Amino acid sequence: MAKRVYEAWKAKNRFILGGRLIFGPDARSLLVTLALIIAPIVIFCIFVARHLRHEFSPHNAGYAVLVVAIVFTIYVLLLLFLTSARDPGIVPRNAHPPEEVFHFDHSASVQIGGRQTPSLQFPRTKDVEVNGVSVRVKYCDTCMLYRPTRCSHCSICDNCVERFDHHCPWVGQCIGLRNYRFFFMFVSSATLLCIYVFAMSAFYIKVLMDKHHGTVWKAMKESPASVILMAYCFISLWFVGGLTGFHLYLIGTNQTTYENFRYRSENRLNAYDRGCVSNFLEVFCTEVKPSRNNFRAFVQEEVHRPVLPSERGAESEMEDLGANPRPKVEDDDLDIGEDLLKISQRRNIELDQDVQSRGSNGTPENSMMVDSPMASGHRAPTIKSENRHSSYVRSGSWEIAPDVLVNSTFAERSYTPSSETRL
């Protein structure tokens, strides 16, 4: 039965729902992220928002605090799902290296079997022009392709990803061309959610102070959940808030996290920066490109490619170096032992009949000119088909047993009449 693409996938990704959803190899970290989002919101709804239902005018306006917390949390979880469960921009692997750039390097020859053979070489980098600036792209040995611009190979997922930003362990997925927008919206929305929970918890502390005419400490003792939520949100803001600010800078300058850390010290010209407004429009207002991979498609059998002129030239170079090409084994050669057996048996019968007919004529010269094995009445030994089979078992390949060749040669010599017999 033919396999689908996701079933024969060579990288480390994980698929669910028949290849409809794709995750990174560390998808289990999503459980931790979900817990860090859902658990504080549940505590907030039970111990804080529930008590604020009637603290606003009109009387039931406080329900909005609870509804906003739930709806905004669902929105954040949806963005998390769109970030982690989709193709980030994986570039499909090639089955063969790019053939148009092959060449044989004699200076980097390798000694095989006592002979020097040329080494297959091709350029490791290529220069392409982007917005009038020359950009160097590298060859990926794993994916056997020249990476597109801004593409990099993720060592965790084992994929080349377009516009590779980084691999985020919190979402269990690479961040690239097709999910960067959702990643930024997830991080920025999580920041706003932290601010909202922190503000509502602090407001509830203020409400408790006004009700009991007490100090902050008394209010904090009455609602320890509010204190815990405020501390949690304050710490989280340093992470998600700082990450939001950093990516705002990257979007404004049209950089990726990988480019910023990799080329920061080189002070190279950014070929992709088109101005702050255009950079933001590129991230948020352009259509998301369709995936290059159809994970639910059936794997097509590899078609044998024709021999290219460059490969013919390579074969001639190998012949010039004295390399013996490996002989092909045809299907007809598998039965050559049986053919030789039949020929040997048929010629033995013909020789016996010829000897008997000549002996009945009483010509002593003819009987003396026959080879000694036949003249003595002995028949050439015949070869059974089991010999060929045992030869295959011992050698592990379809080779003609040496005794078959010897007996075939012996039979031919026995059948060759001398010049006097023809007379």
# chains A, B, ... in the order shown; residues from 1 in each chain; ligands from 1
>>> residues_around(residues="range 208-217 of chain A", least_positions_apart="6", cutoff="12 Å", atoms="only C-alpha atoms", output="ChimeraX atom specification")
/A:48,51-52,55,201-202,223-224,226-227
>>> residues_around(residues="Lys3 in chain A", least_positions_apart="6", cutoff="12 Å", atoms="only C-alpha atoms", output="JSON, numbers by chain")
{"A": [9, 18, 19, 295, 296, 297, 298, 299, 300, 301]}
>>> residues_around(residues="Ser189 in chain A", least_positions_apart="6", cutoff="10 Å", atoms="only C-alpha atoms", output="ChimeraX atom specification")
/A:72-73,75-77,79,183,195,240-241,244
>>> residues_around(residues="Asp158 in chain A", least_positions_apart="5", cutoff="12 Å", atoms="only C-alpha atoms", output="PyMOL selection string")
chain A and resi 9-14+24-25+90-93+140-143+152-153+167+173-174
>>> closest_residue(among="A:Val288, A:Leu250, A:Leu269, A:Ile235", to="Asn179 in chain A", atoms="only C-alpha atoms")
A:Val288
>>> residues_around(residues="Phe44 in chain A", least_positions_apart="6", cutoff="9 Å", atoms="only C-alpha atoms", output="PyMOL selection string")
chain A and resi 50+66+69+197+200-201+225-226+229
>>> select_by_dssp(residues="range 10-121 of chain A", states="strand (DSSP E or B)", output="list in words")
Arg14, Phe15, Ile16, Leu21, Ile22, Phe23, Ile90, His103, Phe104, Asp105, His106, Ser107, Ala108, Ser109, Val110, Gln111, Ile112, Arg115, Gln116, Thr117, Pro118, Ser119, Leu120 and Gln121 of chain A
>>> closest_residue(among="A:Thr83, A:Thr253, A:Asn279, A:Thr125", to="Pro148 in chain A", atoms="only C-alpha atoms")
A:Thr125
>>> closest_residue(among="A:Cys194, A:Pro123, A:Tyr146, A:Phe182", to="Phe284 in chain A", atoms="only C-alpha atoms")
A:Phe182
>>> closest_residue(among="A:Ser84, A:Asn60, A:Asn94, A:Ser278", to="Ile22 in chain A", atoms="only C-alpha atoms")
A:Ser84
